[in-house]
Structure formats: C-alpha cells, structure tokens
file model.cif (mmCIF, C-alpha atoms)
data_upload
#
loop_
_atom_site.label_atom_id
_atom_site.label_comp_id
_atom_site.auth_asym_id
_atom_site.auth_seq_id
_atom_site.Cartn_x
_atom_site.Cartn_y
_atom_site.Cartn_z
CA ASN A 1 -2.13 113.13 -17.13
CA ALA A 2 0.76 110.68 -16.99
CA GLY A 3 -0.82 108.95 -13.99
CA VAL A 4 1.62 107.04 -11.79
CA THR A 5 5.15 106.77 -13.14
CA GLN A 6 8.01 104.64 -11.83
CA THR A 7 11.70 104.56 -12.60
CA PRO A 8 13.70 102.55 -13.36
CA LYS A 9 11.80 99.75 -15.12
CA PHE A 10 14.55 97.23 -14.44
CA GLN A 11 17.45 97.17 -11.99
CA VAL A 12 20.09 94.67 -10.96
CA LEU A 13 21.87 95.18 -7.66
CA LYS A 14 24.55 93.33 -5.80
CA THR A 15 23.95 92.27 -2.20
CA GLY A 16 24.64 95.17 0.12
CA GLN A 17 24.14 97.94 -2.41
CA SER A 18 21.58 100.64 -1.82
CA MET A 19 19.26 102.33 -4.26
CA THR A 20 16.09 104.39 -4.55
CA LEU A 21 13.05 103.44 -6.58
CA GLN A 22 11.26 106.54 -7.81
CA CYS A 23 7.50 107.03 -7.92
CA ALA A 24 5.58 110.11 -8.99
CA GLN A 25 1.94 110.90 -9.63
CA ASP A 26 0.33 113.94 -11.23
CA MET A 27 -3.25 113.38 -10.08
CA ASN A 28 -2.92 115.28 -6.79
CA HIS A 29 -3.79 112.13 -4.86
CA GLU A 30 -3.26 112.30 -1.12
CA TYR A 31 -2.48 108.66 -0.64
CA MET A 32 0.46 106.73 -2.02
CA SER A 33 1.64 103.19 -1.39
CA TRP A 34 4.41 100.78 -2.26
CA TYR A 35 3.75 97.08 -2.85
CA ARG A 36 5.96 94.18 -3.78
CA GLN A 37 4.71 91.34 -5.95
CA ASP A 38 6.15 87.87 -5.60
CA PRO A 39 4.98 84.70 -7.37
CA GLY A 40 2.18 82.96 -5.52
CA MET A 41 1.95 85.70 -2.89
CA GLY A 42 -0.02 88.45 -4.58
CA LEU A 43 0.88 92.01 -3.67
CA ARG A 44 2.03 92.92 -0.19
CA LEU A 45 2.08 96.43 1.21
CA ILE A 46 5.53 97.75 2.15
CA HIS A 47 4.90 101.37 3.20
CA TYR A 48 2.21 103.92 2.61
CA SER A 49 1.62 107.63 3.01
CA VAL A 50 -1.58 109.53 3.75
CA GLY A 51 -0.12 112.89 2.75
CA ALA A 52 3.07 114.91 2.50
CA GLY A 53 5.20 114.42 5.58
CA ILE A 54 3.26 111.40 6.83
CA THR A 55 4.29 107.79 6.26
CA ASP A 56 3.58 104.48 7.93
CA GLN A 57 4.58 100.84 7.70
CA GLY A 58 2.67 98.20 5.86
CA GLU A 59 2.86 94.43 6.04
CA VAL A 60 6.52 93.95 4.98
CA PRO A 61 8.50 97.13 5.82
CA ASN A 62 11.83 95.68 6.90
CA GLY A 63 14.77 96.74 4.74
CA TYR A 64 12.92 99.65 3.16
CA ASN A 65 12.61 103.35 3.93
CA VAL A 66 10.26 105.94 2.52
CA SER A 67 9.71 109.66 2.75
CA ARG A 68 7.05 111.99 1.38
CA SER A 69 8.31 115.53 1.05
CA THR A 70 5.81 116.47 -1.68
CA THR A 71 2.35 115.30 -2.72
CA GLU A 72 3.70 114.11 -6.06
CA ASP A 73 6.70 111.98 -5.08
CA PHE A 74 7.06 108.89 -2.92
CA PRO A 75 10.51 107.26 -3.27
CA LEU A 76 11.31 103.85 -1.84
CA ARG A 77 14.83 103.29 -0.55
CA LEU A 78 16.54 99.96 -0.20
CA LEU A 79 19.18 100.45 2.46
CA SER A 80 21.29 97.32 1.93
CA ALA A 81 19.88 95.08 -0.79
CA ALA A 82 19.41 91.38 -0.11
CA PRO A 83 18.44 88.55 -2.50
CA SER A 84 15.12 88.27 -0.63
CA GLN A 85 14.26 91.70 -2.01
CA THR A 86 14.26 90.41 -5.57
CA SER A 87 10.74 91.25 -6.65
CA VAL A 88 8.54 93.47 -8.76
CA TYR A 89 7.71 96.72 -7.00
CA PHE A 90 4.54 98.65 -7.67
CA CYS A 91 3.72 102.14 -6.55
CA ALA A 92 0.09 103.20 -6.28
CA SER A 93 -1.76 106.39 -5.57
CA SER A 94 -5.30 106.72 -4.44
CA TYR A 95 -8.12 109.11 -3.74
CA SER A 96 -11.47 108.95 -2.10
CA PRO A 97 -14.41 109.58 -4.46
CA SER A 98 -16.44 112.56 -3.36
CA GLY A 99 -18.72 111.73 -0.45
CA SER A 100 -17.17 108.32 0.02
CA ARG A 101 -14.73 106.92 2.52
CA ALA A 102 -13.57 104.36 0.03
CA TYR A 103 -10.32 104.55 -1.86
CA GLU A 104 -9.61 103.60 -5.45
CA GLN A 105 -5.96 102.88 -6.20
CA TYR A 106 -4.08 103.50 -9.43
CA PHE A 107 -0.92 101.53 -10.07
CA GLY A 108 2.31 102.40 -11.80
CA PRO A 109 4.00 100.13 -14.37
CA GLY A 110 6.36 98.55 -11.84
CA THR A 111 10.09 98.14 -11.30
CA ARG A 112 11.59 94.69 -11.67
CA LEU A 113 14.48 94.39 -9.22
CA THR A 114 17.00 91.57 -9.08
CA VAL A 115 19.49 91.31 -6.23
CA THR A 116 22.42 88.95 -6.83
CA ALA B 1 -5.46 89.64 10.65
CA GLN B 2 -7.45 90.30 7.56
CA SER B 3 -6.91 87.80 4.77
CA VAL B 4 -8.12 87.35 1.24
CA SER B 5 -8.41 83.91 -0.35
CA GLN B 6 -8.49 83.10 -4.02
CA HIS B 7 -8.95 79.37 -4.21
CA ASN B 8 -8.36 78.94 -7.95
CA HIS B 9 -4.67 79.46 -8.63
CA HIS B 10 -4.68 78.38 -12.27
CA VAL B 11 -7.69 78.20 -14.55
CA ILE B 12 -7.69 77.08 -18.18
CA LEU B 13 -10.76 77.70 -20.32
CA SER B 14 -11.70 77.53 -23.95
CA GLU B 15 -12.94 80.64 -25.70
CA ALA B 16 -16.65 81.30 -25.12
CA ALA B 17 -16.67 79.34 -21.85
CA SER B 18 -18.09 80.99 -18.77
CA LEU B 19 -15.80 82.15 -15.99
CA GLU B 20 -16.21 82.38 -12.26
CA LEU B 21 -13.27 83.16 -9.97
CA GLY B 22 -13.75 82.88 -6.26
CA CYS B 23 -12.72 85.44 -3.66
CA ASN B 24 -13.36 85.22 0.06
CA TYR B 25 -12.19 87.53 2.80
CA SER B 26 -12.02 87.30 6.53
CA TYR B 27 -12.70 90.84 7.72
CA GLY B 28 -16.05 91.34 9.41
CA GLY B 29 -16.49 95.09 9.24
CA THR B 30 -17.25 97.44 6.38
CA VAL B 31 -15.14 96.59 3.36
CA ASN B 32 -14.35 97.94 -0.06
CA LEU B 33 -13.83 95.23 -2.65
CA PHE B 34 -11.84 95.27 -5.86
CA TRP B 35 -10.84 93.05 -8.74
CA TYR B 36 -7.68 93.95 -10.61
CA VAL B 37 -6.31 92.39 -13.77
CA GLN B 38 -2.67 92.15 -14.80
CA TYR B 39 -1.99 91.31 -18.44
CA PRO B 40 1.39 89.76 -19.19
CA GLY B 41 4.16 92.27 -18.62
CA GLN B 42 1.80 95.04 -17.60
CA HIS B 43 0.73 96.76 -14.40
CA LEU B 44 -2.47 96.21 -12.51
CA GLN B 45 -5.65 97.68 -13.91
CA LEU B 46 -8.92 98.02 -12.08
CA LEU B 47 -11.67 95.75 -13.43
CA LEU B 48 -14.40 96.70 -11.02
CA LYS B 49 -15.08 97.80 -7.48
CA TYR B 50 -17.71 97.63 -4.79
CA PHE B 51 -18.06 100.35 -2.19
CA SER B 52 -21.76 100.23 -1.29
CA GLY B 53 -25.21 99.85 -2.81
CA ASP B 54 -26.17 97.24 -5.41
CA PRO B 55 -24.14 94.12 -4.60
CA LEU B 56 -23.95 93.17 -8.28
CA VAL B 57 -21.34 95.38 -9.89
CA LYS B 58 -20.40 95.59 -13.51
CA GLY B 59 -16.92 96.43 -14.67
CA ILE B 60 -15.00 96.81 -17.87
CA LYS B 61 -14.73 94.23 -20.65
CA GLY B 62 -17.93 92.41 -19.70
CA PHE B 63 -16.84 91.40 -16.20
CA GLU B 64 -19.13 91.51 -13.22
CA ALA B 65 -18.91 90.54 -9.57
CA GLU B 66 -21.37 89.87 -6.81
CA PHE B 67 -20.84 90.83 -3.19
CA ILE B 68 -22.47 88.33 -0.84
CA LYS B 69 -22.01 89.72 2.64
CA SER B 70 -23.23 86.59 4.44
CA LYS B 71 -20.61 84.51 2.64
CA PHE B 72 -17.82 87.11 2.81
CA SER B 73 -17.41 86.60 -0.92
CA PHE B 74 -16.89 88.73 -4.01
CA ASN B 75 -16.72 86.35 -6.94
CA LEU B 76 -15.80 87.53 -10.42
CA ARG B 77 -17.79 86.34 -13.43
CA LYS B 78 -17.84 86.66 -17.18
CA PRO B 79 -20.39 84.83 -19.37
CA SER B 80 -18.08 84.24 -22.32
CA VAL B 81 -14.31 84.61 -22.12
CA GLN B 82 -12.03 85.62 -24.96
CA TRP B 83 -8.43 84.73 -25.71
CA SER B 84 -7.52 88.32 -24.78
CA ASP B 85 -8.74 87.70 -21.21
CA THR B 86 -5.62 85.64 -20.56
CA ALA B 87 -4.11 87.39 -17.54
CA GLU B 88 -3.70 87.19 -13.80
CA TYR B 89 -6.63 88.33 -11.69
CA PHE B 90 -6.34 89.69 -8.17
CA CYS B 91 -9.04 90.23 -5.61
CA ALA B 92 -8.32 92.96 -3.06
CA VAL B 93 -10.06 94.14 0.08
CA GLY B 94 -9.82 97.47 1.84
CA LYS B 95 -11.25 98.13 5.25
CA GLY B 96 -13.98 100.74 5.41
CA GLY B 97 -12.48 104.20 5.31
CA GLY B 98 -9.00 102.83 4.85
CA ASN B 99 -6.41 103.21 2.16
CA LYS B 100 -4.55 99.94 2.67
CA LEU B 101 -5.45 97.01 0.45
CA THR B 102 -4.97 93.34 1.19
CA PHE B 103 -4.58 91.28 -1.95
CA GLY B 104 -5.31 87.68 -2.67
CA THR B 105 -2.58 85.54 -4.16
CA GLY B 106 -4.02 85.82 -7.65
CA THR B 107 -5.57 83.50 -10.23
CA GLN B 108 -3.76 82.86 -13.47
CA LEU B 109 -6.33 82.52 -16.27
CA LYS B 110 -5.39 81.04 -19.61
CA VAL B 111 -7.95 81.11 -22.39
CA GLU B 112 -7.30 78.73 -25.27
CA LEU B 113 -8.52 79.19 -28.81
#
call {"tool": "encode", "arguments": {"input": "model.cif", "output": "structure tokens"}}
result
Amino acid sequence: NAGVTQTPKFQVLKTGQSMTLQCAQDMNHEYMSWYRQDPGMGLRLIHYSVGAGITDQGEVPNGYNVSRSTTEDFPLRLLSAAPSQTSVYFCASSYSPSGSRAYEQYFGPGTRLTVT
Amino acid sequence: AQSVSQHNHHVILSEAASLELGCNYSYGGTVNLFWYVQYPGQHLQLLLKYFSGDPLVKGIKGFEAEFIKSKFSFNLRKPSVQWSDTAEYFCAVGKGGGNKLTFGTGTQLKVEL
C-alpha cells in the first residue's frame, strides 16, 4: 500500500490565485482530514470527511473548500490564496480498529505552500 | 473548547539522558490519546496511542506514556534518549468516538552527542 499520498510537495502561489492540493489514500479508510501546520501552533484541523459525499468544517475552514466524491480522494481547494495561508498542509486518513470507537490517523508527507 | 497543552516547547538533552514530555488536556469526557513524532523534513508518525485499558502504554523506539485520568495528563517518557530521537513531538487528543484530533503546539527535542 502507498498509504496517504499528497501532491504537490511544494507550491508557490501569488495572492489571489487558486489551486487544489491533492490527497489520496489506498487503505479504504472512511475518514479523511486536512490539517495545516504553522510554527508554534501545532496542527489545526481545516476540514474533514466521514465518508464519500460527506464533509464538515474543522477549526480553521475559512478560505478552503473540500469535496469527497470517492473514498480514496479528498482534495483541498484554496479559492483565492492569501499570505496567511502560507503553511504546511497535511492530509490524514483514519479508521476505527475493530470493536473500538477510537480512530487512528495516518498522515501524508505534506505540501509546503508559500503565498507571496 | 477542548485544548491540549505541551508545556515544554524546546528541550535539549545529552545522549543517554532520560526524557519526559508533558501533555495535559482539558476535555472531561472519554478521550483517545496519541503521541506523534515528526523528524526533520518528514511527516507525522504515530509513536503510541491510548484508547482504553492499561494506562501505561508502550510505543515504538522505546517510548512509553502514562495516562493519568485524575490529572488529565498523558506524559511521554523514554529512559535513555539517542541522537536519532531529535525531532518534534506532538500530543493529540480525540474525543471518544470521534475522528477529529486536537493537537498540542509541539515540543522540539534536540539530543546532543
């Protein structure tokens, strides 16, 4: 299994441009999430999905859109990039171990985004 | 709102020293607890987790953590650190039955030879 994959690894955008960060997983996990990582702030949840066709907002959703048309893919769209969105973005997928209501998350390698 | 506190932001140790990183959370219900490690330039990897049962959990690379419910804590320990343990360590908390994690701000550990 490739696990959780993300593309691109690096991206530079100008203010106002839009783009889509790709995330895919091949583990048949129901749950997928997007986090951003900023120095001194840990990881903060942007959006998450509990299954195909279902998404919801996390802690910092403004300026981002998501959709989940398949179990495997969970793209993150930046509608109009701003310098405040300069960050490292991590996608994660998760499952609940059999008989448990707990969820173990697996992270992708990240996308480092710079907005000038 | 649920919060996770990691009080040590930067820790510098010599090889073979013992390590303890603090993690406290504010949520009062059932929680799932995690420690993740991020080596320089890499993504997060799970060190260990607590869902239920024995509050002393052992993870990879000789790490362990103890869940103390009365103190809302889940501190990470290692008896003898190695230079290769240099990394950033994140504590994370998930509410019982939930998929969303709240992360602490991280502890940067540097191990010197």
call {"tool": "closest_residue", "arguments": {"input": "model.cif", "among": "A:Cys91, A:Ala82, A:Leu21, A:Met27", "to": "His47 (chain A)", "atoms": "all atoms listed in the file"}}
result
A:Cys91
call {"tool": "closest_atom_pairs", "arguments": {"input": "model.cif", "of": "chain A", "to": "chain B", "cutoff": "12 Å", "atoms": "only C-alpha atoms", "output": "Markdown table"}}
result
| residue | atom | partner | partner_atom | distance |
| --- | --- | --- | --- | --- |
| A:Val4 | CA | B:His43 | CA | 10.6 |
| A:Thr5 | CA | B:His43 | CA | 11.0 |
| A:Gln6 | CA | B:His43 | CA | 11.0 |
| A:Lys9 | CA | B:Gly41 | CA | 11.3 |
| A:His29 | CA | B:Asn99 | CA | 11.6 |
| A:Glu30 | CA | B:Asn99 | CA | 10.2 |
| A:Tyr31 | CA | B:Asn99 | CA | 7.3 |
| A:Met32 | CA | B:Asn99 | CA | 8.8 |
| A:Ser33 | CA | B:Lys100 | CA | 8.1 |
| A:Trp34 | CA | B:Lys100 | CA | 10.3 |
| A:Tyr35 | CA | B:Leu101 | CA | 9.8 |
| A:Arg36 | CA | B:Phe103 | CA | 11.1 |
| A:Gln37 | CA | B:Thr105 | CA | 9.5 |
| A:Asp38 | CA | B:Thr105 | CA | 9.1 |
| A:Pro39 | CA | B:Thr105 | CA | 8.3 |
| A:Gly40 | CA | B:Thr105 | CA | 5.6 |
| A:Met41 | CA | B:Thr105 | CA | 4.7 |
| A:Gly42 | CA | B:Thr105 | CA | 3.9 |
| A:Leu43 | CA | B:Phe103 | CA | 5.8 |
| A:Arg44 | CA | B:Phe103 | CA | 7.0 |
| A:Leu45 | CA | B:Leu101 | CA | 7.6 |
| A:Ile46 | CA | B:Lys100 | CA | 10.3 |
| A:His47 | CA | B:Lys100 | CA | 9.6 |
| A:Tyr48 | CA | B:Lys100 | CA | 7.8 |
| A:Ser49 | CA | B:Asn99 | CA | 9.2 |
| A:Val50 | CA | B:Asn99 | CA | 8.1 |
| A:Gly51 | CA | B:Asn99 | CA | 11.6 |
| A:Asp56 | CA | B:Lys100 | CA | 10.7 |
| A:Gln57 | CA | B:Lys100 | CA | 10.5 |
| A:Gly58 | CA | B:Lys100 | CA | 8.1 |
| A:Glu59 | CA | B:Thr102 | CA | 9.3 |
| A:Val88 | CA | B:His43 | CA | 10.2 |
| A:Tyr89 | CA | B:His43 | CA | 10.2 |
| A:Phe90 | CA | B:His43 | CA | 8.0 |
| A:Cys91 | CA | B:His43 | CA | 10.0 |
| A:Ala92 | CA | B:Leu44 | CA | 9.7 |
| A:Ser93 | CA | B:Asn99 | CA | 9.6 |
| A:Ser94 | CA | B:Asn99 | CA | 7.6 |
| A:Tyr95 | CA | B:Asn99 | CA | 8.5 |
| A:Ser96 | CA | B:Asn99 | CA | 8.8 |
| A:Pro97 | CA | B:Phe51 | CA | 10.2 |
| A:Gly99 | CA | B:Gly97 | CA | 11.3 |
| A:Ser100 | CA | B:Gly97 | CA | 8.2 |
| A:Arg101 | CA | B:Gly97 | CA | 4.5 |
| A:Ala102 | CA | B:Gly97 | CA | 5.4 |
| A:Tyr103 | CA | B:Asn99 | CA | 5.8 |
| A:Glu104 | CA | B:Lys49 | CA | 8.2 |
| A:Gln105 | CA | B:Leu46 | CA | 8.2 |
| A:Tyr106 | CA | B:Gln45 | CA | 7.5 |
| A:Phe107 | CA | B:Leu44 | CA | 6.1 |
| A:Gly108 | CA | B:His43 | CA | 6.4 |
| A:Pro109 | CA | B:His43 | CA | 4.7 |
| A:Gly110 | CA | B:His43 | CA | 6.4 |
| A:Thr111 | CA | B:His43 | CA | 10.0 |
| A:Arg112 | CA | B:Gly41 | CA | 10.5 |
call {"tool": "closest_residue", "arguments": {"input": "model.cif", "among": "A:Ala24, A:Val66, A:Val60, A:Ile54", "to": "Ser84 (chain A)", "atoms": "only C-alpha atoms"}}
result
A:Val60
call {"tool": "atom_distance", "arguments": {"input": "model.cif", "atom1": "CA of Gly29 (chain B)", "atom2": "CA of Ser3 (chain B)"}}
result
12.8 Å
call {"tool": "atom_distance", "arguments": {"input": "model.cif", "atom1": "CA of Glu112 (chain B)", "atom2": "CA of Leu48 (chain B)"}}
result
24.0 Å
call {"tool": "closest_residue", "arguments": {"input": "model.cif", "among": "B:Val57, B:Val93, B:Leu109, B:Ile12", "to": "Thr30 (chain B)", "atoms": "only C-alpha atoms"}}
result
B:Val93
call {"tool": "closest_residue", "arguments": {"input": "model.cif", "among": "B:Ser70, B:Val4, B:Lys61, B:Pro55", "to": "Cys23 (chain B)", "atoms": "all atoms listed in the file"}}
result
B:Val4
call {"tool": "residues_around", "arguments": {"input": "model.cif", "residues": "Thr114 (chain A)", "least_positions_apart": "4", "cutoff": "7 Å", "atoms": "only C-alpha atoms", "output": "PyMOL selection string"}}
result
chain A and resi 11-13+86-87
call {"tool": "resolve_selection", "arguments": {"input": "model.cif", "expression": "the PyMOL selection byres ((chain B and resi 74) around 8)", "output": "mmCIF file with C-alpha atoms, in the frame of the given file"}}
result
data_model
loop_
_atom_site.group_PDB
_atom_site.id
_atom_site.type_symbol
_atom_site.label_atom_id
_atom_site.label_comp_id
_atom_site.auth_asym_id
_atom_site.auth_seq_id
_atom_site.Cartn_x
_atom_site.Cartn_y
_atom_site.Cartn_z
ATOM 1 C CA GLY B 22 -13.750 82.880 -6.260
ATOM 2 C CA CYS B 23 -12.720 85.440 -3.660
ATOM 3 C CA ASN B 24 -13.360 85.220 0.060
ATOM 4 C CA LEU B 33 -13.830 95.230 -2.650
ATOM 5 C CA ALA B 65 -18.910 90.540 -9.570
ATOM 6 C CA GLU B 66 -21.370 89.870 -6.810
ATOM 7 C CA PHE B 67 -20.840 90.830 -3.190
ATOM 8 C CA ILE B 68 -22.470 88.330 -0.840
ATOM 9 C CA PHE B 72 -17.820 87.110 2.810
ATOM 10 C CA SER B 73 -17.410 86.600 -0.920
ATOM 11 C CA ASN B 75 -16.720 86.350 -6.940
ATOM 12 C CA LEU B 76 -15.800 87.530 -10.420
#
call {"tool": "residues_around", "arguments": {"input": "model.cif", "residues": "Trp83 (chain B)", "least_positions_apart": "5", "cutoff": "9 Å", "atoms": "all atoms listed in the file", "output": "list in words"}}
result
Ser14, Glu15, Ala16, Lys110, Val111, Glu112 and Leu113 of chain B
call {"tool": "atom_distance", "arguments": {"input": "model.cif", "atom1": "CA of Phe63 (chain B)", "atom2": "CA of Leu47 (chain B)"}}
result
7.3 Å
call {"tool": "residues_near_point", "arguments": {"input": "model.cif", "point": "(10.3, 104.5, -7.9)", "cutoff": "7 Å", "atoms": "only C-alpha atoms", "output": "PyMOL selection string"}}
result
chain A and resi 6-8+20-23+75-76
call {"tool": "resolve_selection", "arguments": {"input": "model.cif", "expression": "the PyMOL selection byres ((chain A and resi 18) around 7)", "output": "list in words"}}
result
Gly16, Gln17, Met19, Leu78, Leu79, Ser80 and Ala81 of chain A
call {"tool": "resolve_selection", "arguments": {"input": "model.cif", "expression": "the PyMOL selection byres ((chain A and resi 52) around 6)", "output": "PyMOL selection string"}}
result
chain A and resi 51+53-54+68-71
